[in-house]
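Novice: Supplied in structure tokens, the structure appears directly below.
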Amino acid sequence: MTRPQSLHRLFLPAVLLALGAHLPAQQAEAKREFAAIQKEYDAEFAELRKAAAGLPQAESGALYTEFFATVLPEFLERTAVLARAERGSPLAHDAWSRIISQATSMAPMAEVSKKLVSEALDALLADHLDSKTLGNVVASLRYSASVLGDETVLRFADELGRRTPLLEVRAEARFAHAAVLAAGSVAGDPRRKQALAELAALESEFGELASSNGRSHGENARGLRFELENLSIGQACPDFSAVDAEGVAFKLSDYKGKVVLIDFWGFW
């Protein structure tokens, strides 16, 4: 009776050692596959841009729409397969993040792409809450709310803001949540009232903390609050001073009572 137990004690460590040696090889193969998928996608997208170059806008737009409706979802699913197999790993984090950035890069978005983005967001919340890069994810995601749907972005920003242990990520999520609530709202809208309250709290709690755009969260919160409180449709435009095309200084109030068309432009 003792011999089989003894053999079992010898055999189990050997099996575990073999499995441990095999894991790095699997991970290396997964990384190579991830890189190959992205390289193939980049080549396909380069071909798309080449084919669309010089075409009338309607025709080039149709090519891009078809690509994002049929070709992109295939690459997203292949990336998702890797992410699911490597759950919780740095590779899974990178794969889910890539799915989000690629799927939200252009509208309209195919329904299958929306589902994969939702899966990616859930995976990041489940397995990668300690990642600093989630601040960048949520900061850019708010610009895709019109494509993904407000509720998808609001849910992710809310959960991330409550659950992440990282203050800088929490602040980015809180600002993104307020910004999505504020977008398209009008005076008297409950969403605007909630956004203003969230921005005031953000400024109080994280005012001095640097944000992803280089300004402090206090500056960002004050800027959006000013916009909501002073620059809505139907409100009087705040007075300002400027110089016209001939170099003559003026104030907006100089033209009070007149129809004024203001054209702001610049280079980035």
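Residues in the structure tokens are numbered from 1 in each chain, the chains being A, B, ... in the order shown, and ligands are numbered from 1 in the order shown.
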Near stretch 149-151 of chain A, within 10 Å and counting only C-alpha atoms, which residues show up once chain neighbours fewer than 3 positions away are dropped, as a ChimeraX atom specification?
Specialist: /A:114,142,144-146,154-157,177,180-181,183
Novice: Output the selection as a compact mmCIF listing (two decimals), in the first residue's frame - all heavy atoms for each residue.
Specialist:
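Dumped to again_23.txt:
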# COMPACT_ATOMS: atom_id res chain seq x y z
N LYS A 114 -19.92 45.47 -31.38
CA LYS A 114 -20.42 46.03 -30.12
C LYS A 114 -20.43 44.98 -29.02
O LYS A 114 -20.06 45.24 -27.88
CB LYS A 114 -21.83 46.59 -30.31
CG LYS A 114 -21.91 47.85 -31.15
CD LYS A 114 -23.35 48.36 -31.22
CE LYS A 114 -23.46 49.60 -32.08
NZ LYS A 114 -24.85 50.09 -32.15
N ARG A 142 -15.35 57.59 -23.83
CA ARG A 142 -16.49 58.50 -23.74
C ARG A 142 -16.80 59.15 -25.08
O ARG A 142 -17.94 59.55 -25.33
CB ARG A 142 -16.25 59.57 -22.67
CG ARG A 142 -15.21 60.63 -22.99
CD ARG A 142 -15.07 61.56 -21.80
NE ARG A 142 -14.14 62.64 -21.99
CZ ARG A 142 -14.46 63.84 -22.47
NH1 ARG A 142 -15.71 64.10 -22.80
NH2 ARG A 142 -13.55 64.79 -22.61
N SER A 144 -16.88 57.55 -27.76
CA SER A 144 -17.56 56.53 -28.56
C SER A 144 -18.94 56.21 -28.03
O SER A 144 -19.58 55.26 -28.49
CB SER A 144 -16.72 55.24 -28.58
OG SER A 144 -15.43 55.48 -29.09
N ALA A 145 -19.43 57.01 -27.08
CA ALA A 145 -20.73 56.73 -26.47
C ALA A 145 -21.85 56.78 -27.49
O ALA A 145 -22.82 56.01 -27.41
CB ALA A 145 -21.00 57.73 -25.34
N SER A 146 -21.73 57.66 -28.49
CA SER A 146 -22.79 57.76 -29.50
C SER A 146 -22.85 56.51 -30.38
O SER A 146 -23.88 56.23 -30.99
CB SER A 146 -22.56 59.00 -30.37
OG SER A 146 -21.31 58.92 -31.05
N LEU A 154 -21.50 54.44 -19.70
CA LEU A 154 -21.80 54.88 -18.33
C LEU A 154 -21.61 53.74 -17.33
O LEU A 154 -21.08 53.94 -16.23
CB LEU A 154 -23.23 55.41 -18.25
CG LEU A 154 -23.48 56.78 -18.89
CD1 LEU A 154 -24.97 57.09 -18.93
CD2 LEU A 154 -22.72 57.87 -18.15
N ARG A 155 -22.05 52.54 -17.71
CA ARG A 155 -21.90 51.40 -16.80
C ARG A 155 -20.43 51.10 -16.54
O ARG A 155 -20.01 50.88 -15.40
CB ARG A 155 -22.60 50.16 -17.37
CG ARG A 155 -22.49 48.92 -16.48
CD ARG A 155 -23.14 47.72 -17.14
NE ARG A 155 -22.47 47.34 -18.36
CZ ARG A 155 -21.35 46.59 -18.39
NH1 ARG A 155 -20.78 46.17 -17.27
NH2 ARG A 155 -20.81 46.26 -19.54
N PHE A 156 -19.64 51.08 -17.61
CA PHE A 156 -18.21 50.79 -17.45
C PHE A 156 -17.53 51.87 -16.61
O PHE A 156 -16.77 51.57 -15.69
CB PHE A 156 -17.54 50.69 -18.82
CG PHE A 156 -16.06 50.46 -18.76
CD1 PHE A 156 -15.56 49.22 -18.40
CD2 PHE A 156 -15.16 51.48 -19.06
CE1 PHE A 156 -14.18 48.98 -18.33
CE2 PHE A 156 -13.79 51.27 -18.99
CZ PHE A 156 -13.31 50.01 -18.63
N ALA A 157 -17.81 53.14 -16.92
CA ALA A 157 -17.17 54.23 -16.18
C ALA A 157 -17.58 54.21 -14.72
O ALA A 157 -16.75 54.45 -13.82
CB ALA A 157 -17.55 55.57 -16.82
N HIS A 177 -17.68 59.59 -16.82
CA HIS A 177 -19.08 59.36 -16.48
C HIS A 177 -19.86 60.67 -16.53
O HIS A 177 -20.95 60.76 -17.13
CB HIS A 177 -19.19 58.72 -15.10
CG HIS A 177 -20.55 58.20 -14.78
ND1 HIS A 177 -21.53 58.97 -14.20
CD2 HIS A 177 -21.10 56.96 -14.96
CE1 HIS A 177 -22.62 58.24 -14.02
NE2 HIS A 177 -22.39 57.02 -14.48
N VAL A 180 -20.23 61.99 -20.23
CA VAL A 180 -21.24 61.31 -21.04
C VAL A 180 -22.64 61.74 -20.61
O VAL A 180 -23.53 61.94 -21.44
CB VAL A 180 -21.08 59.78 -20.93
CG1 VAL A 180 -22.23 59.06 -21.63
CG2 VAL A 180 -19.75 59.35 -21.53
N LEU A 181 -22.85 61.90 -19.31
CA LEU A 181 -24.14 62.40 -18.83
C LEU A 181 -24.43 63.79 -19.39
O LEU A 181 -25.56 64.10 -19.77
CB LEU A 181 -24.14 62.47 -17.30
CG LEU A 181 -24.27 61.17 -16.52
CD1 LEU A 181 -24.10 61.44 -15.03
CD2 LEU A 181 -25.62 60.51 -16.78
N ALA A 183 -23.25 65.24 -22.17
CA ALA A 183 -23.28 65.37 -23.63
C ALA A 183 -24.72 65.41 -24.14
O ALA A 183 -25.52 64.51 -23.88
CB ALA A 183 -22.53 64.22 -24.27
Novice: Tell me, as an NGL selection string, which residues lie within 8 Å of A:Pro108, counting only C-alpha atoms; anything in the same chain fewer than 4 positions away does not count.
Specialist: :A and (65 or 68-69 or 147)
Novice: Hey, can you spit out that residue selection with all heavy atoms as an mmCIF file, in the first residue's frame?
Specialist:
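What follows is the written file result.cif:
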data_model
loop_
_atom_site.group_PDB
_atom_site.id
_atom_site.type_symbol
_atom_site.label_atom_id
_atom_site.label_comp_id
_atom_site.auth_asym_id
_atom_site.auth_seq_id
_atom_site.Cartn_x
_atom_site.Cartn_y
_atom_site.Cartn_z
ATOM 1 N N THR A 65 -17.131 51.422 -44.802
ATOM 2 C CA THR A 65 -18.287 50.855 -44.099
ATOM 3 C C THR A 65 -18.317 49.340 -44.233
ATOM 4 O O THR A 65 -18.561 48.615 -43.253
ATOM 5 C CB THR A 65 -19.591 51.454 -44.650
ATOM 6 O OG1 THR A 65 -19.598 52.866 -44.414
ATOM 7 C CG2 THR A 65 -20.802 50.825 -43.980
ATOM 8 N N PHE A 68 -15.505 47.745 -42.032
ATOM 9 C CA PHE A 68 -15.779 47.719 -40.596
ATOM 10 C C PHE A 68 -16.991 46.865 -40.249
ATOM 11 O O PHE A 68 -17.174 46.492 -39.087
ATOM 12 C CB PHE A 68 -15.956 49.138 -40.058
ATOM 13 C CG PHE A 68 -14.645 49.850 -39.849
ATOM 14 C CD1 PHE A 68 -14.094 50.623 -40.853
ATOM 15 C CD2 PHE A 68 -13.945 49.715 -38.668
ATOM 16 C CE1 PHE A 68 -12.882 51.267 -40.680
ATOM 17 C CE2 PHE A 68 -12.724 50.351 -38.479
ATOM 18 C CZ PHE A 68 -12.184 51.120 -39.490
ATOM 19 N N ALA A 69 -17.797 46.533 -41.257
ATOM 20 C CA ALA A 69 -18.952 45.682 -41.015
ATOM 21 C C ALA A 69 -18.640 44.205 -41.204
ATOM 22 O O ALA A 69 -19.290 43.348 -40.576
ATOM 23 C CB ALA A 69 -20.102 46.081 -41.944
ATOM 24 N N VAL A 147 -21.742 55.772 -30.457
ATOM 25 C CA VAL A 147 -21.686 54.559 -31.276
ATOM 26 C C VAL A 147 -22.013 53.324 -30.450
ATOM 27 O O VAL A 147 -22.820 52.473 -30.844
ATOM 28 C CB VAL A 147 -20.291 54.402 -31.920
ATOM 29 C CG1 VAL A 147 -20.230 53.138 -32.761
ATOM 30 C CG2 VAL A 147 -19.958 55.611 -32.770
#
Novice: Using only C-alpha atoms, which of A:Gln27, A:Gln102, A:Ser113, A:Ser232 sits nearest A:Tyr41?
Specialist: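 Closest to A:Tyr41 of all the choices is A:Gln102.
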Novice: What's around stretch 191-196 of chain A at 12 Å? Count only C-alpha atoms, leave out sequence neighbours fewer than 5 positions away in its own chain, and write the answer as a compact mmCIF listing (two decimals) with all heavy atoms, in the first residue's frame.
Specialist:
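Final output, saved to out20.txt:
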# COMPACT_ATOMS: atom_id res chain seq x y z
N ASP A 150 -24.84 55.16 -24.78
CA ASP A 150 -24.50 55.82 -23.52
C ASP A 150 -24.44 54.83 -22.36
O ASP A 150 -23.54 54.90 -21.52
CB ASP A 150 -25.53 56.91 -23.19
CG ASP A 150 -25.33 58.17 -24.02
OD1 ASP A 150 -24.42 58.17 -24.88
OD2 ASP A 150 -26.08 59.13 -23.81
N LEU A 154 -21.50 54.44 -19.70
CA LEU A 154 -21.80 54.88 -18.33
C LEU A 154 -21.61 53.74 -17.33
O LEU A 154 -21.08 53.94 -16.23
CB LEU A 154 -23.23 55.41 -18.25
CG LEU A 154 -23.48 56.78 -18.89
CD1 LEU A 154 -24.97 57.09 -18.93
CD2 LEU A 154 -22.72 57.87 -18.15
N ARG A 174 -14.50 58.83 -13.30
CA ARG A 174 -15.52 59.73 -12.78
C ARG A 174 -15.78 60.89 -13.76
O ARG A 174 -16.92 61.29 -13.98
CB ARG A 174 -15.09 60.27 -11.41
CG ARG A 174 -14.95 59.21 -10.31
CD ARG A 174 -16.20 59.06 -9.50
NE ARG A 174 -16.47 60.25 -8.73
CZ ARG A 174 -15.96 60.50 -7.51
NH1 ARG A 174 -15.13 59.62 -6.94
NH2 ARG A 174 -16.28 61.59 -6.86
N PHE A 175 -14.70 61.42 -14.35
CA PHE A 175 -14.87 62.52 -15.30
C PHE A 175 -15.58 62.02 -16.56
O PHE A 175 -16.47 62.70 -17.09
CB PHE A 175 -13.53 63.13 -15.68
CG PHE A 175 -13.66 64.29 -16.64
CD1 PHE A 175 -14.03 65.54 -16.18
CD2 PHE A 175 -13.44 64.12 -17.99
CE1 PHE A 175 -14.18 66.60 -17.06
CE2 PHE A 175 -13.59 65.17 -18.88
CZ PHE A 175 -13.96 66.42 -18.41
N ALA A 176 -15.19 60.84 -17.05
CA ALA A 176 -15.83 60.29 -18.24
C ALA A 176 -17.32 60.07 -18.00
O ALA A 176 -18.15 60.35 -18.88
CB ALA A 176 -15.16 58.98 -18.63
N HIS A 177 -17.68 59.59 -16.82
CA HIS A 177 -19.08 59.36 -16.48
C HIS A 177 -19.86 60.67 -16.53
O HIS A 177 -20.95 60.76 -17.13
CB HIS A 177 -19.19 58.72 -15.10
CG HIS A 177 -20.55 58.20 -14.78
ND1 HIS A 177 -21.53 58.97 -14.20
CD2 HIS A 177 -21.10 56.96 -14.96
CE1 HIS A 177 -22.62 58.24 -14.02
NE2 HIS A 177 -22.39 57.02 -14.48
N ALA A 178 -19.30 61.72 -15.93
CA ALA A 178 -19.96 63.02 -15.93
C ALA A 178 -20.05 63.59 -17.34
O ALA A 178 -21.08 64.18 -17.71
CB ALA A 178 -19.21 63.99 -15.01
N ALA A 179 -19.01 63.42 -18.13
CA ALA A 179 -18.99 63.97 -19.49
C ALA A 179 -20.04 63.31 -20.37
O ALA A 179 -20.69 63.99 -21.19
CB ALA A 179 -17.61 63.80 -20.10
N VAL A 180 -20.23 61.99 -20.23
CA VAL A 180 -21.24 61.31 -21.04
C VAL A 180 -22.64 61.74 -20.61
O VAL A 180 -23.53 61.94 -21.44
CB VAL A 180 -21.08 59.78 -20.93
CG1 VAL A 180 -22.23 59.06 -21.63
CG2 VAL A 180 -19.75 59.35 -21.53
N LEU A 181 -22.85 61.90 -19.31
CA LEU A 181 -24.14 62.40 -18.83
C LEU A 181 -24.43 63.79 -19.39
O LEU A 181 -25.56 64.10 -19.77
CB LEU A 181 -24.14 62.47 -17.30
CG LEU A 181 -24.27 61.17 -16.52
CD1 LEU A 181 -24.10 61.44 -15.03
CD2 LEU A 181 -25.62 60.51 -16.78
N ALA A 182 -23.39 64.62 -19.45
CA ALA A 182 -23.58 66.00 -19.88
C ALA A 182 -23.80 66.15 -21.38
O ALA A 182 -24.48 67.08 -21.82
CB ALA A 182 -22.35 66.83 -19.47
N ALA A 183 -23.25 65.24 -22.17
CA ALA A 183 -23.28 65.37 -23.63
C ALA A 183 -24.72 65.41 -24.14
O ALA A 183 -25.52 64.51 -23.88
CB ALA A 183 -22.53 64.22 -24.27
N GLY A 184 -25.05 66.46 -24.85
CA GLY A 184 -26.38 66.58 -25.44
C GLY A 184 -27.48 66.94 -24.47
O GLY A 184 -28.65 67.05 -24.88
N SER A 185 -27.17 67.15 -23.20
CA SER A 185 -28.20 67.51 -22.23
C SER A 185 -28.54 68.99 -22.35
O SER A 185 -27.77 69.78 -22.88
CB SER A 185 -27.74 67.19 -20.81
OG SER A 185 -26.62 67.98 -20.46
N VAL A 186 -29.69 69.35 -21.84
CA VAL A 186 -30.13 70.75 -21.88
C VAL A 186 -30.46 71.19 -20.46
O VAL A 186 -30.54 70.38 -19.53
CB VAL A 186 -31.38 70.91 -22.78
CG1 VAL A 186 -31.05 70.57 -24.22
CG2 VAL A 186 -32.53 70.03 -22.29
N ALA A 201 -17.93 67.20 -7.23
CA ALA A 201 -17.28 66.22 -6.35
C ALA A 201 -15.90 65.85 -6.86
O ALA A 201 -14.95 65.70 -6.08
CB ALA A 201 -18.16 64.98 -6.23
N LEU A 202 -15.77 65.71 -8.18
CA LEU A 202 -14.47 65.39 -8.77
C LEU A 202 -13.45 66.47 -8.49
O LEU A 202 -12.30 66.19 -8.13
CB LEU A 202 -14.65 65.20 -10.28
CG LEU A 202 -13.37 64.91 -11.09
CD1 LEU A 202 -12.83 63.54 -10.75
CD2 LEU A 202 -13.66 65.00 -12.58
N GLU A 203 -13.86 67.72 -8.65
CA GLU A 203 -12.95 68.84 -8.39
C GLU A 203 -12.53 68.87 -6.93
O GLU A 203 -11.37 69.14 -6.61
CB GLU A 203 -13.63 70.16 -8.76
CG GLU A 203 -12.73 71.36 -8.62
CD GLU A 203 -13.42 72.65 -9.05
OE1 GLU A 203 -14.55 72.59 -9.57
OE2 GLU A 203 -12.81 73.72 -8.85
N ALA A 221 -12.71 69.61 -14.78
CA ALA A 221 -14.05 69.70 -14.19
C ALA A 221 -14.58 71.12 -14.27
O ALA A 221 -15.76 71.33 -14.62
CB ALA A 221 -14.00 69.23 -12.73
N ARG A 222 -13.75 72.12 -13.97
CA ARG A 222 -14.20 73.50 -14.04
C ARG A 222 -14.56 73.90 -15.47
O ARG A 222 -15.54 74.62 -15.71
CB ARG A 222 -13.13 74.44 -13.48
CG ARG A 222 -13.02 74.42 -11.97
CD ARG A 222 -12.12 75.53 -11.46
NE ARG A 222 -10.73 75.35 -11.86
CZ ARG A 222 -9.85 74.63 -11.19
NH1 ARG A 222 -10.21 74.00 -10.07
NH2 ARG A 222 -8.60 74.51 -11.61
N GLY A 223 -13.77 73.42 -16.44
CA GLY A 223 -14.04 73.74 -17.83
C GLY A 223 -15.38 73.20 -18.30
O GLY A 223 -16.16 73.91 -18.96
N LEU A 224 -15.66 71.94 -17.96
CA LEU A 224 -16.92 71.34 -18.39
C LEU A 224 -18.09 71.97 -17.63
O LEU A 224 -19.17 72.18 -18.20
CB LEU A 224 -16.89 69.83 -18.18
CG LEU A 224 -18.10 69.05 -18.69
CD1 LEU A 224 -18.43 69.41 -20.14
CD2 LEU A 224 -17.87 67.55 -18.56
N ARG A 225 -17.89 72.29 -16.36
CA ARG A 225 -18.96 72.96 -15.59
C ARG A 225 -19.27 74.32 -16.20
O ARG A 225 -20.44 74.70 -16.33
CB ARG A 225 -18.54 73.12 -14.13
CG ARG A 225 -18.58 71.83 -13.32
CD ARG A 225 -18.10 72.06 -11.90
NE ARG A 225 -18.97 72.97 -11.18
CZ ARG A 225 -18.63 73.53 -10.02
NH1 ARG A 225 -17.44 73.32 -9.48
NH2 ARG A 225 -19.48 74.33 -9.41
N PHE A 226 -18.25 75.07 -16.60
CA PHE A 226 -18.47 76.37 -17.22
C PHE A 226 -19.27 76.21 -18.50
O PHE A 226 -20.19 76.99 -18.79
CB PHE A 226 -17.14 77.06 -17.51
CG PHE A 226 -17.28 78.42 -18.14
CD1 PHE A 226 -17.45 79.55 -17.35
CD2 PHE A 226 -17.26 78.57 -19.52
CE1 PHE A 226 -17.60 80.81 -17.93
CE2 PHE A 226 -17.42 79.81 -20.11
CZ PHE A 226 -17.59 80.94 -19.31
N GLU A 227 -18.91 75.21 -19.29
CA GLU A 227 -19.62 74.96 -20.55
C GLU A 227 -21.08 74.66 -20.29
O GLU A 227 -21.98 75.20 -20.97
CB GLU A 227 -18.96 73.80 -21.28
CG GLU A 227 -19.65 73.42 -22.58
CD GLU A 227 -19.00 72.23 -23.25
OE1 GLU A 227 -17.80 71.98 -23.01
OE2 GLU A 227 -19.71 71.53 -24.01
N LEU A 228 -21.36 73.81 -19.31
CA LEU A 228 -22.74 73.43 -19.03
C LEU A 228 -23.56 74.59 -18.47
O LEU A 228 -24.76 74.70 -18.76
CB LEU A 228 -22.77 72.26 -18.04
CG LEU A 228 -22.18 70.93 -18.54
CD1 LEU A 228 -22.15 69.91 -17.42
CD2 LEU A 228 -23.00 70.41 -19.72
N GLU A 229 -22.92 75.43 -17.69
CA GLU A 229 -23.63 76.51 -17.02
C GLU A 229 -23.72 77.79 -17.85
O GLU A 229 -24.58 78.64 -17.57
CB GLU A 229 -22.95 76.82 -15.69
CG GLU A 229 -23.05 75.69 -14.68
CD GLU A 229 -22.21 75.91 -13.44
OE1 GLU A 229 -21.28 76.77 -13.48
OE2 GLU A 229 -22.45 75.23 -12.43
N SER A 232 -24.79 76.82 -23.08
CA SER A 232 -25.86 76.00 -23.62
C SER A 232 -26.72 76.81 -24.58
O SER A 232 -26.77 78.04 -24.51
CB SER A 232 -26.75 75.46 -22.49
OG SER A 232 -26.01 74.64 -21.63
Novice: For A:Val137, list every protein, DNA or RNA residue within 12 Å, evaluated using only C-alpha atoms, and leave out those in the same chain fewer than 3 positions away; present the list as a VMD selection string.
Specialist: chain A and resid 93 to 94 96 to 102 104 117 120 to 121 124 to 125 129 131 to 134 140 to 144 153 156 to 157 160 169 to 170 172 to 173 176 212
Novice: If you keep N, CA, C and O atoms, can you produce a file of those selected residues as a compact mmCIF listing (two decimals), in the first residue's frame?
Specialist:
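Output file again-v8.txt is given in full below:
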# COMPACT_ATOMS: atom_id res chain seq x y z
N HIS A 93 -5.05 41.35 -21.36
CA HIS A 93 -5.28 42.78 -21.18
C HIS A 93 -5.04 43.53 -22.48
O HIS A 93 -5.86 44.36 -22.91
N ASP A 94 -3.92 43.24 -23.13
CA ASP A 94 -3.58 43.93 -24.38
C ASP A 94 -4.57 43.59 -25.49
O ASP A 94 -4.93 44.45 -26.30
N TRP A 96 -7.82 42.56 -25.17
CA TRP A 96 -9.11 43.21 -24.94
C TRP A 96 -9.02 44.70 -25.23
O TRP A 96 -9.95 45.28 -25.82
N SER A 97 -7.92 45.33 -24.84
CA SER A 97 -7.75 46.77 -25.10
C SER A 97 -7.69 47.04 -26.60
O SER A 97 -8.24 48.05 -27.08
N ARG A 98 -7.02 46.16 -27.34
CA ARG A 98 -6.93 46.33 -28.79
C ARG A 98 -8.30 46.20 -29.44
O ARG A 98 -8.63 46.95 -30.38
N ILE A 99 -9.10 45.27 -28.96
CA ILE A 99 -10.46 45.11 -29.48
C ILE A 99 -11.25 46.41 -29.32
O ILE A 99 -11.93 46.87 -30.24
N ILE A 100 -11.14 47.01 -28.15
CA ILE A 100 -11.88 48.25 -27.89
C ILE A 100 -11.40 49.37 -28.80
O ILE A 100 -12.21 50.08 -29.41
N SER A 101 -10.09 49.55 -28.92
CA SER A 101 -9.57 50.65 -29.72
C SER A 101 -9.88 50.47 -31.20
O SER A 101 -10.22 51.43 -31.90
N GLN A 102 -9.79 49.24 -31.71
CA GLN A 102 -10.06 49.00 -33.13
C GLN A 102 -11.55 49.13 -33.44
O GLN A 102 -11.94 49.72 -34.45
N THR A 104 -13.86 50.83 -31.92
CA THR A 104 -14.42 52.17 -31.74
C THR A 104 -13.73 53.22 -32.60
O THR A 104 -13.99 54.41 -32.44
N VAL A 117 -16.91 44.38 -27.84
CA VAL A 117 -16.45 45.48 -26.99
C VAL A 117 -17.04 45.33 -25.59
O VAL A 117 -16.35 45.52 -24.59
N ALA A 120 -15.17 42.74 -23.86
CA ALA A 120 -13.84 43.25 -23.50
C ALA A 120 -13.91 44.13 -22.25
O ALA A 120 -13.07 44.02 -21.35
N LEU A 121 -14.91 44.98 -22.18
CA LEU A 121 -15.07 45.85 -21.02
C LEU A 121 -15.33 45.03 -19.75
O LEU A 121 -14.76 45.31 -18.69
N LEU A 124 -12.03 43.42 -18.66
CA LEU A 124 -11.12 44.37 -18.01
C LEU A 124 -11.56 44.66 -16.59
O LEU A 124 -10.73 44.77 -15.67
N LEU A 125 -12.87 44.77 -16.37
CA LEU A 125 -13.37 45.00 -15.01
C LEU A 125 -13.16 43.78 -14.12
O LEU A 125 -12.89 43.90 -12.93
N LEU A 129 -8.41 45.34 -12.99
CA LEU A 129 -8.73 46.59 -12.31
C LEU A 129 -7.50 47.35 -11.82
O LEU A 129 -7.57 48.55 -11.54
N SER A 131 -4.84 47.91 -13.56
CA SER A 131 -4.07 48.40 -14.70
C SER A 131 -4.22 49.91 -14.84
O SER A 131 -5.33 50.43 -14.95
N LYS A 132 -3.10 50.61 -14.91
CA LYS A 132 -3.13 52.06 -15.07
C LYS A 132 -3.68 52.46 -16.43
O LYS A 132 -4.24 53.55 -16.59
N THR A 133 -3.51 51.60 -17.43
CA THR A 133 -3.95 51.96 -18.78
C THR A 133 -5.46 52.04 -18.91
O THR A 133 -5.97 52.58 -19.90
N LEU A 134 -6.20 51.55 -17.92
CA LEU A 134 -7.66 51.67 -17.97
C LEU A 134 -8.10 53.12 -17.90
O LEU A 134 -9.20 53.47 -18.34
N SER A 140 -10.85 57.73 -23.50
CA SER A 140 -11.17 57.75 -24.93
C SER A 140 -12.53 57.15 -25.22
O SER A 140 -13.19 57.52 -26.20
N LEU A 141 -12.98 56.25 -24.36
CA LEU A 141 -14.25 55.55 -24.60
C LEU A 141 -15.43 56.51 -24.58
O LEU A 141 -16.43 56.28 -25.26
N ARG A 142 -15.35 57.59 -23.83
CA ARG A 142 -16.49 58.50 -23.74
C ARG A 142 -16.80 59.15 -25.08
O ARG A 142 -17.94 59.55 -25.33
N TYR A 143 -15.81 59.22 -25.97
CA TYR A 143 -16.06 59.79 -27.29
C TYR A 143 -16.77 58.80 -28.21
O TYR A 143 -17.18 59.17 -29.31
N SER A 144 -16.88 57.55 -27.76
CA SER A 144 -17.56 56.53 -28.56
C SER A 144 -18.94 56.21 -28.03
O SER A 144 -19.58 55.26 -28.49
N VAL A 153 -21.20 52.78 -21.95
CA VAL A 153 -20.06 53.57 -21.46
C VAL A 153 -20.29 54.02 -20.03
O VAL A 153 -19.36 53.98 -19.20
N PHE A 156 -19.64 51.08 -17.61
CA PHE A 156 -18.21 50.79 -17.45
C PHE A 156 -17.53 51.87 -16.61
O PHE A 156 -16.77 51.57 -15.69
N ALA A 157 -17.81 53.14 -16.92
CA ALA A 157 -17.17 54.23 -16.18
C ALA A 157 -17.58 54.21 -14.72
O ALA A 157 -16.75 54.45 -13.82
N LEU A 160 -15.88 51.10 -13.01
CA LEU A 160 -14.44 51.34 -12.89
C LEU A 160 -14.16 52.38 -11.83
O LEU A 160 -13.22 52.23 -11.03
N VAL A 169 -6.94 56.37 -12.12
CA VAL A 169 -7.93 55.71 -12.97
C VAL A 169 -9.34 56.04 -12.49
O VAL A 169 -10.26 56.29 -13.28
N ARG A 170 -9.52 56.07 -11.17
CA ARG A 170 -10.82 56.41 -10.61
C ARG A 170 -11.25 57.81 -11.05
O ARG A 170 -12.41 58.03 -11.43
N GLU A 172 -10.26 59.50 -13.77
CA GLU A 172 -10.57 59.48 -15.19
C GLU A 172 -11.97 58.90 -15.43
O GLU A 172 -12.73 59.42 -16.26
N ALA A 173 -12.29 57.85 -14.70
CA ALA A 173 -13.60 57.21 -14.87
C ALA A 173 -14.72 58.13 -14.40
O ALA A 173 -15.77 58.22 -15.05
N ALA A 176 -15.19 60.84 -17.05
CA ALA A 176 -15.83 60.29 -18.24
C ALA A 176 -17.32 60.07 -18.00
O ALA A 176 -18.15 60.35 -18.88
N SER A 212 -5.14 62.55 -17.98
CA SER A 212 -4.47 62.00 -19.16
C SER A 212 -4.21 63.05 -20.24
O SER A 212 -3.38 62.84 -21.11
Novice: Go through A:Ala197, A:Ala58, A:Ala30, A:Val248 and flag the residue nearest A:Glu86, using only C-alpha atoms for the distances.
Specialist: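 Ranked by minimum distance to A:Glu86, first place goes to A:Ala30.
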Novice: Between atom CA of A:Asp127 and atom CA of A:Ser89, what distance in Å does the model show, to one decimal?
Specialist: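 Answer for the atom CA of A:Asp127 to atom CA of A:Ser89 separation: 8.4 Å.
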Novice: Here is a test: counting only C-alpha atoms, which residue of A:His128, A:Pro190, A:Pro90, A:Asn220 is nearest to A:Ala171?
Specialist: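 Result for the nearest residue to A:Ala171: A:Asn220.
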